[in-house]
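Trainee: Sharing coords_26.txt, compact mmCIF, C-alpha atoms:
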# COMPACT_ATOMS: atom_id res chain seq x y z
CA MET E 172 3.90 24.57 -8.27
CA GLN E 173 6.69 22.43 -9.71
CA GLN E 174 10.21 23.58 -9.04
CA PHE E 175 12.03 20.41 -10.06
CA PRO E 176 12.21 18.44 -13.34
CA TYR E 177 11.33 15.22 -11.53
CA TRP E 178 8.06 16.60 -10.11
CA ARG E 179 4.75 16.66 -11.97
CA THR E 180 1.23 17.50 -10.88
CA GLN E 181 -1.84 15.54 -11.91
CA ASP E 182 -5.05 17.48 -12.38
CA PRO E 183 -7.74 15.42 -10.62
CA ASP E 184 -9.86 15.49 -13.80
CA LYS E 185 -7.05 14.98 -16.32
CA PRO E 186 -5.06 11.80 -15.66
CA LEU E 187 -1.42 11.98 -16.64
CA PHE E 188 -1.40 8.35 -17.75
CA PRO E 189 -4.79 7.49 -19.30
CA ASP E 190 -3.25 4.52 -21.12
CA VAL E 191 -3.08 2.59 -17.84
CA GLU E 192 -6.86 2.50 -17.73
CA TRP E 193 -7.17 1.79 -21.43
CA ASN E 194 -4.68 -1.08 -21.22
CA LYS E 195 -6.50 -2.83 -18.39
CA PRO E 196 -7.03 -6.40 -19.67
CA GLU E 197 -10.62 -7.01 -20.70
CA GLN E 198 -10.56 -10.56 -19.44
CA ARG E 199 -10.64 -10.70 -15.65
CA ASN E 200 -8.41 -13.77 -15.55
CA LEU E 201 -5.60 -11.68 -17.04
CA ARG E 202 -5.78 -8.94 -14.41
CA GLY E 203 -3.73 -10.63 -11.72
CA THR E 204 -4.49 -12.03 -8.29
CA LEU E 205 -4.45 -10.03 -5.08
CA GLY E 206 -4.04 -11.50 -1.62
CA ILE E 207 -5.22 -9.41 1.33
CA ILE E 208 -4.00 -10.09 4.86
CA GLY E 209 -5.24 -8.44 8.02
CA GLY E 210 -7.86 -8.33 10.72
CA ASN E 211 -8.12 -9.36 14.34
CA LYS E 212 -11.04 -10.47 16.49
CA LEU E 213 -12.00 -6.87 17.26
CA SER E 214 -11.85 -5.43 13.76
CA PHE E 215 -11.81 -6.37 10.10
CA ALA E 216 -13.32 -3.23 8.54
CA GLY E 217 -10.14 -2.44 6.65
CA VAL E 218 -10.00 -5.91 5.14
CA ALA E 219 -13.66 -5.78 4.09
CA GLU E 220 -13.13 -2.33 2.52
CA ALA E 221 -10.02 -3.52 0.68
CA TYR E 222 -11.76 -6.64 -0.63
CA SER E 223 -14.72 -4.80 -2.15
CA THR E 224 -12.51 -1.98 -3.44
CA ALA E 225 -10.07 -4.32 -5.18
CA LEU E 226 -12.86 -6.19 -6.92
CA GLY E 227 -14.46 -2.93 -7.97
CA ALA E 228 -11.13 -1.61 -9.25
CA GLY E 229 -10.73 -4.61 -11.52
CA ALA E 230 -8.51 -7.17 -9.81
CA GLY E 231 -8.71 -10.55 -11.50
CA GLN E 232 -9.19 -12.51 -8.29
CA VAL E 233 -9.06 -11.48 -4.66
CA LYS E 234 -8.62 -13.66 -1.59
CA VAL E 235 -8.41 -12.54 2.01
CA LEU E 236 -6.58 -14.25 4.84
CA LEU E 237 -7.94 -13.63 8.34
CA PRO E 238 -7.36 -15.03 11.83
CA ASP E 239 -9.77 -17.86 12.55
CA ALA E 240 -11.10 -15.87 15.51
CA LEU E 241 -13.13 -14.01 12.87
CA ARG E 242 -14.64 -17.11 11.28
CA LYS E 243 -18.15 -16.39 12.55
CA ALA E 244 -18.00 -12.63 12.01
CA ILE E 245 -17.17 -12.36 8.31
CA PRO E 246 -20.11 -11.25 6.15
CA PRO E 247 -21.20 -13.45 3.23
CA SER E 248 -20.16 -10.70 0.80
CA ILE E 249 -16.55 -11.80 1.35
CA THR E 250 -16.79 -15.01 -0.61
CA GLU E 251 -13.06 -15.73 -0.89
CA ALA E 252 -11.87 -15.91 2.72
CA VAL E 253 -9.18 -18.16 4.15
CA PHE E 254 -8.79 -18.54 7.92
CA ALA E 255 -5.45 -19.09 9.59
CA PRO E 256 -4.56 -19.88 13.23
CA SER E 257 -5.00 -17.02 15.66
CA ASN E 258 -3.40 -16.38 19.04
CA ILE E 259 -5.00 -15.55 22.37
CA SER E 260 -5.38 -11.89 21.36
CA GLY E 261 -7.36 -12.87 18.27
CA SER E 262 -4.78 -11.89 15.66
CA LEU E 263 -2.63 -14.10 13.44
CA SER E 264 -0.33 -16.47 15.29
CA ARG E 265 3.06 -17.78 14.21
CA GLU E 266 1.32 -20.94 12.97
CA ALA E 267 -0.35 -18.79 10.29
CA LEU E 268 2.90 -18.41 8.35
CA SER E 269 2.32 -21.40 6.07
CA ASP E 270 -1.17 -20.11 5.19
CA MET E 271 0.27 -16.67 4.46
CA GLN E 272 2.93 -18.19 2.23
CA THR E 273 0.33 -20.30 0.41
CA LEU E 274 -1.66 -17.15 -0.29
CA GLY E 275 1.54 -15.45 -1.40
CA ALA E 276 2.35 -18.27 -3.83
CA TRP E 277 -1.11 -17.86 -5.38
CA SER E 278 -1.06 -14.08 -5.61
CA SER E 279 0.53 -11.57 -7.98
CA GLY E 280 0.68 -9.14 -5.08
CA VAL E 281 -0.24 -8.93 -1.40
CA LEU E 282 -1.90 -6.09 0.48
CA LEU E 283 -1.28 -5.91 4.23
CA ALA E 284 -4.55 -4.12 4.92
CA GLY E 285 -4.26 -3.41 8.63
CA ASP E 286 -6.44 -4.10 11.67
CA ALA E 287 -3.71 -6.60 12.50
CA GLY E 288 -3.63 -5.96 16.24
CA LYS E 289 -0.55 -5.23 18.32
CA SER E 290 0.55 -8.72 19.29
CA SER E 291 4.30 -9.29 19.23
CA GLU E 292 3.59 -12.78 17.86
CA THR E 293 1.72 -11.25 14.92
CA THR E 294 4.65 -8.93 14.31
CA ILE E 295 6.94 -11.95 14.07
CA VAL E 296 4.74 -13.81 11.58
CA TYR E 297 4.35 -10.70 9.42
CA ASP E 298 8.12 -10.17 9.49
CA ASP E 299 8.70 -13.80 8.52
CA PHE E 300 6.24 -13.52 5.65
CA ILE E 301 7.86 -10.33 4.35
CA GLY E 302 11.24 -12.03 4.39
CA SER E 303 9.93 -14.92 2.28
CA TYR E 304 7.81 -13.09 -0.30
CA ASN E 305 9.17 -11.67 -3.57
CA GLN E 306 6.16 -10.07 -5.29
CA TRP E 307 4.48 -6.72 -4.65
CA ILE E 308 3.77 -5.97 -1.00
CA THR E 309 1.54 -2.98 -0.25
CA LEU E 310 1.52 -1.80 3.37
CA THR E 311 -1.04 0.58 4.78
CA ARG E 312 -2.74 1.69 7.99
CA ASP E 313 -1.46 -0.06 11.14
CA SER E 314 0.30 -2.83 9.20
CA ALA E 315 3.09 -0.33 8.47
CA ASP E 316 3.50 0.27 12.21
CA LEU E 317 3.38 -3.43 13.02
CA VAL E 318 6.37 -4.26 10.82
CA ARG E 319 8.62 -1.30 11.62
CA ARG E 320 11.35 -3.76 12.55
CA SER E 321 11.33 -4.98 8.93
CA ALA E 322 11.70 -1.48 7.49
CA PRO E 323 15.38 -1.98 6.53
CA ILE E 324 14.34 -5.06 4.52
CA LEU E 325 11.24 -3.49 3.02
CA VAL E 326 13.02 -0.40 1.70
CA GLU E 327 15.53 -2.57 -0.16
CA ARG E 328 12.76 -4.47 -1.99
CA PRO E 329 11.95 -3.08 -5.47
CA LEU E 330 8.39 -4.39 -5.05
CA THR E 331 7.40 -2.53 -1.87
CA LEU E 332 4.68 0.12 -1.73
CA TYR E 333 3.91 2.12 1.39
CA VAL E 334 0.53 3.93 1.46
CA ILE E 335 0.98 5.75 4.74
CA SER E 336 0.33 8.89 6.73
CA PHE E 337 2.90 11.63 7.04
CA ALA E 338 3.55 10.58 10.66
CA GLN E 339 4.26 7.03 9.47
CA LEU E 340 6.59 8.39 6.80
CA GLN E 341 8.51 10.20 9.54
CA LYS E 342 8.88 6.87 11.37
CA LEU E 343 10.03 5.12 8.20
CA PHE E 344 12.84 7.64 7.69
CA GLN E 345 13.83 7.14 11.34
CA ASP E 346 13.69 3.35 11.14
CA VAL E 347 16.22 3.22 8.31
CA TYR E 348 18.34 6.04 9.81
CA TYR E 349 17.79 8.24 6.79
CA PRO E 350 19.54 11.59 7.41
CA LYS E 351 16.56 13.84 6.77
CA ILE E 352 14.04 15.07 9.34
CA LEU E 353 10.49 15.49 8.09
CA THR E 354 8.25 18.05 9.80
CA PHE E 355 4.53 18.71 9.50
CA SER E 356 5.30 22.36 8.81
CA MET E 357 7.61 21.69 5.86
CA GLN E 358 6.60 22.99 2.46
CA LEU E 359 5.38 20.56 -0.17
CA ALA E 360 8.43 21.29 -2.31
CA GLN E 361 10.68 20.22 0.56
CA LEU E 362 8.81 16.94 0.95
CA VAL E 363 8.99 16.32 -2.79
CA GLU E 364 12.75 16.85 -2.74
CA SER E 365 13.12 14.49 0.24
CA LEU E 366 11.06 11.76 -1.45
CA HIS E 367 12.97 12.27 -4.69
CA LYS E 368 16.24 11.55 -2.90
CA PHE E 369 14.80 8.77 -0.72
CA THR E 370 13.41 6.83 -3.69
CA ILE E 371 16.72 7.18 -5.49
CA THR E 372 18.49 5.78 -2.44
CA TYR E 373 15.94 2.96 -2.04
CA PRO E 374 13.97 1.14 -4.79
CA ILE E 375 10.61 1.37 -3.01
CA THR E 376 7.47 3.33 -3.85
CA ILE E 377 5.68 5.69 -1.46
CA MET E 378 2.24 7.30 -1.34
CA THR E 379 1.57 9.81 1.41
CA LEU E 380 -0.68 12.77 2.19
CA HIS E 381 0.72 16.16 3.17
CA GLN E 382 -1.19 19.40 3.53
CA GLY E 383 -4.08 18.27 1.36
CA VAL E 384 -1.86 16.86 -1.39
CA LEU E 385 -1.39 13.16 -2.18
CA VAL E 386 2.18 12.44 -3.24
CA VAL E 387 3.45 9.41 -5.14
CA ALA E 388 7.20 8.80 -5.39
CA HIS E 389 9.16 6.12 -7.23
CA GLY E 390 12.63 5.97 -8.73
CA GLY E 391 13.26 9.61 -7.92
CA ASP E 392 10.15 10.81 -9.79
CA VAL E 393 7.29 12.41 -7.90
CA ILE E 394 3.63 13.01 -8.80
CA SER E 395 1.35 15.16 -6.66
CA GLN E 396 -2.40 15.66 -6.75
CA GLN E 397 -4.80 17.73 -4.68
CA TRP E 398 -6.64 15.35 -2.36
CA ASP E 399 -9.74 16.10 -0.31
CA SER E 400 -10.58 12.54 0.76
CA PRO E 401 -8.22 11.66 3.63
CA MET E 402 -10.67 9.06 4.93
CA ALA E 403 -10.21 7.09 1.71
CA ILE E 404 -6.61 6.61 2.81
CA TRP E 405 -7.31 5.85 6.45
CA ARG E 406 -10.03 3.31 5.56
CA GLY E 407 -7.70 1.51 3.18
CA HIS E 408 -9.61 2.35 -0.01
CA THR E 409 -6.66 4.17 -1.62
CA ALA E 410 -4.18 1.38 -0.85
CA ALA E 411 -6.52 -1.29 -2.23
CA ARG E 412 -6.87 0.58 -5.51
CA ALA E 413 -3.12 1.08 -5.63
CA ALA E 414 -2.38 -2.60 -5.00
CA THR E 415 -4.89 -3.55 -7.69
CA TYR E 416 -3.46 -1.25 -10.36
CA LEU E 417 0.01 -2.64 -9.69
CA LEU E 418 -1.23 -6.03 -10.85
CA TRP E 419 -1.36 -5.06 -14.54
CA GLY E 420 0.30 -1.66 -14.89
CA ASN E 421 3.52 -1.08 -16.79
CA THR E 422 5.39 0.96 -14.21
CA PRO E 423 4.64 1.68 -10.54
CA LEU E 424 4.55 5.45 -10.94
CA GLU E 425 2.14 5.37 -13.88
CA SER E 426 -0.07 2.71 -12.34
CA LEU E 427 -0.39 4.43 -8.98
CA THR E 428 -0.97 7.85 -10.52
CA ALA E 429 -3.79 6.36 -12.58
CA SER E 430 -5.26 4.70 -9.49
CA ILE E 431 -5.79 8.06 -7.76
CA ALA E 432 -7.39 9.88 -10.71
CA THR E 433 -10.70 11.38 -9.55
CA ARG E 434 -12.71 9.70 -12.25
CA SER E 435 -11.53 6.35 -10.92
CA THR E 436 -12.19 6.91 -7.20
Let me see whether you can do it: turn the structure in this file into structure tokens.
Mentor:
Amino acid sequence: MQQFPYWRTQDPDKPLFPDVEWNKPEQRNLRGTLGIIGGNKLSFAGVAEAYSTALGAGAGQVKVLLPDALRKAIPPSITEAVFAPSNISGSLSREALSDMQTLGAWSSGVLLAGDAGKSSETTIVYDDFIGSYNQWITLTRDSADLVRRSAPILVERPLTLYVISFAQLQKLFQDVYYPKILTFSMQLAQLVESLHKFTITYPITIMTLHQGVLVVAHGGDVISQQWDSPMAIWRGHTAARAATYLLWGNTPLESLTASIATRST
């Protein structure tokens, strides 16, 4: 399959970087802290999925920040929940920024888990948070769409991970005026070459699904793996595992490749 020296394939049953799993700290308090932000009054499924997945994947501590419109709806299984001011649409308001920043100060990384709603006010508070945070930010599901205006800032951050659909990847290229058009009909090798060049141009990390293959790109290097669980991505499971492995891994590419190994999913 590989046509380029920067492209490797991971066999689902033979992880390329088994040391990532072996080097996971035994003590939970050494495994980092993950903050999860998302939800609106109509939905918090993605946040709940991310919370349980991150704990199961080995995060040291996990806290979620939700709009207070959800205060009575959150199940008792989410024991570490913080509620911030919500707006009339039931999503985070601009007054939630200080709570988001407090969570950010506590965390080793933040996952924007989606279900954020479409409020312009929520877009503003997410943009403001992104501009003030300097650790790992993982964006997935509709959170990536919500903050499209911040794409030029996000792609310049070395600690940005997008776990997104191919359609969202197309939008990302457009949002930063990258001179390459992505098409659903393009061959995998063409996508790999595009992501190789994109992640040389920008210091970010990308995970996306194309034609049944999950692709991870960072620093010009690309890993691909056959993937038959698209719902794991759309539910937020894959992004939560990715964000968790970034907490203790040595390099983004190795950590994320280990997070998608079949034996770990």
Trainee: Just the number, please: distance in Å from CA of Gln397 (chain E) to CA of Arg312 (chain E), one decimal.
Mentor: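 Between these atoms lies a distance of 20.5 Å.
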Trainee: Find the distance between CA of Leu343 (chain E) and CA of Asn305 (chain E) and write it in Å to one decimal.
Mentor: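 Computing it gives 20.5 Å between the two atoms.
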Trainee: Of the residues E:Gln361, E:Ser223, E:Thr331, E:Gln174, which is the one nearest to Pro246 (chain E), using all atoms listed in the file?
Mentor: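 Distance minimum relative to Pro246 (chain E) lands on E:Ser223.
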Trainee: Give me the residues within 12 Å of Leu417 (chain E) as a ChimeraX atom specification, counting all atoms listed in the file and dropping any in the same chain fewer than 2 places off.
Mentor: /E:191-192,195,202-205,225,228-231,279-282,306-309,330-332,376,410-415,419-430
Trainee: So, counting only C-alpha atoms, which residue among E:Met271, E:Val218, E:Ile207, E:Leu362 is closest to Ser395 (chain E)?
Mentor: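 Closest candidate: E:Leu362.
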Trainee: Quick one, how far is CA of Gly391 (chain E) from CA of Leu359 (chain E)?
Mentor: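 Spanning CA of Gly391 (chain E) to CA of Leu359 (chain E) is a straight-line distance of 15.6 Å.
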Trainee: E:Val326, E:Val318, E:Val393, E:Leu213: which is nearest Pro374 (chain E), counting only C-alpha atoms?
Mentor: E:Val326
Trainee: Counting only C-alpha atoms, what is within 7 Å of region 290-302 of chain E, bar same-chain residues fewer than 2 positions away, as a PyMOL selection string?
Mentor: chain E and resi 262-265+268+271-272+288+304+317-318+321
Trainee: I need the residues from that last selection saved to file as a PDB file, in the frame of the given file (with C-alpha atoms), if you can.
Mentor:
ATOM      1  CA  SER E 262      -4.780 -11.890  15.660  1.00  0.00           C
ATOM      2  CA  LEU E 263      -2.630 -14.100  13.440  1.00  0.00           C
ATOM      3  CA  SER E 264      -0.330 -16.470  15.290  1.00  0.00           C
ATOM      4  CA  ARG E 265       3.060 -17.780  14.210  1.00  0.00           C
ATOM      5  CA  LEU E 268       2.900 -18.410   8.350  1.00  0.00           C
ATOM      6  CA  MET E 271       0.270 -16.670   4.460  1.00  0.00           C
ATOM      7  CA  GLN E 272       2.930 -18.190   2.230  1.00  0.00           C
ATOM      8  CA  GLY E 288      -3.630  -5.960  16.240  1.00  0.00           C
ATOM      9  CA  TYR E 304       7.810 -13.090  -0.300  1.00  0.00           C
ATOM     10  CA  LEU E 317       3.380  -3.430  13.020  1.00  0.00           C
ATOM     11  CA  VAL E 318       6.370  -4.260  10.820  1.00  0.00           C
ATOM     12  CA  SER E 321      11.330  -4.980   8.930  1.00  0.00           C
TER      13      SER E 321
END
Trainee: Measuring between all atoms listed in the file, which one of E:Tyr333, E:Glu197, E:Leu353, E:Val347 shows the shortest distance to Ala388 (chain E)?
Mentor: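 That would be E:Tyr333, the residue with the smallest distance to Ala388 (chain E).
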Trainee: Point out the residue among E:Ala322, E:Met402, E:Ile431, E:Leu366 with the least atom-to-atom distance to Leu385 (chain E), counting only C-alpha atoms.
Mentor: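 Of E:Ala322, E:Met402, E:Ile431, E:Leu366, the one nearest Leu385 (chain E) is E:Ile431, counting only C-alpha atoms.
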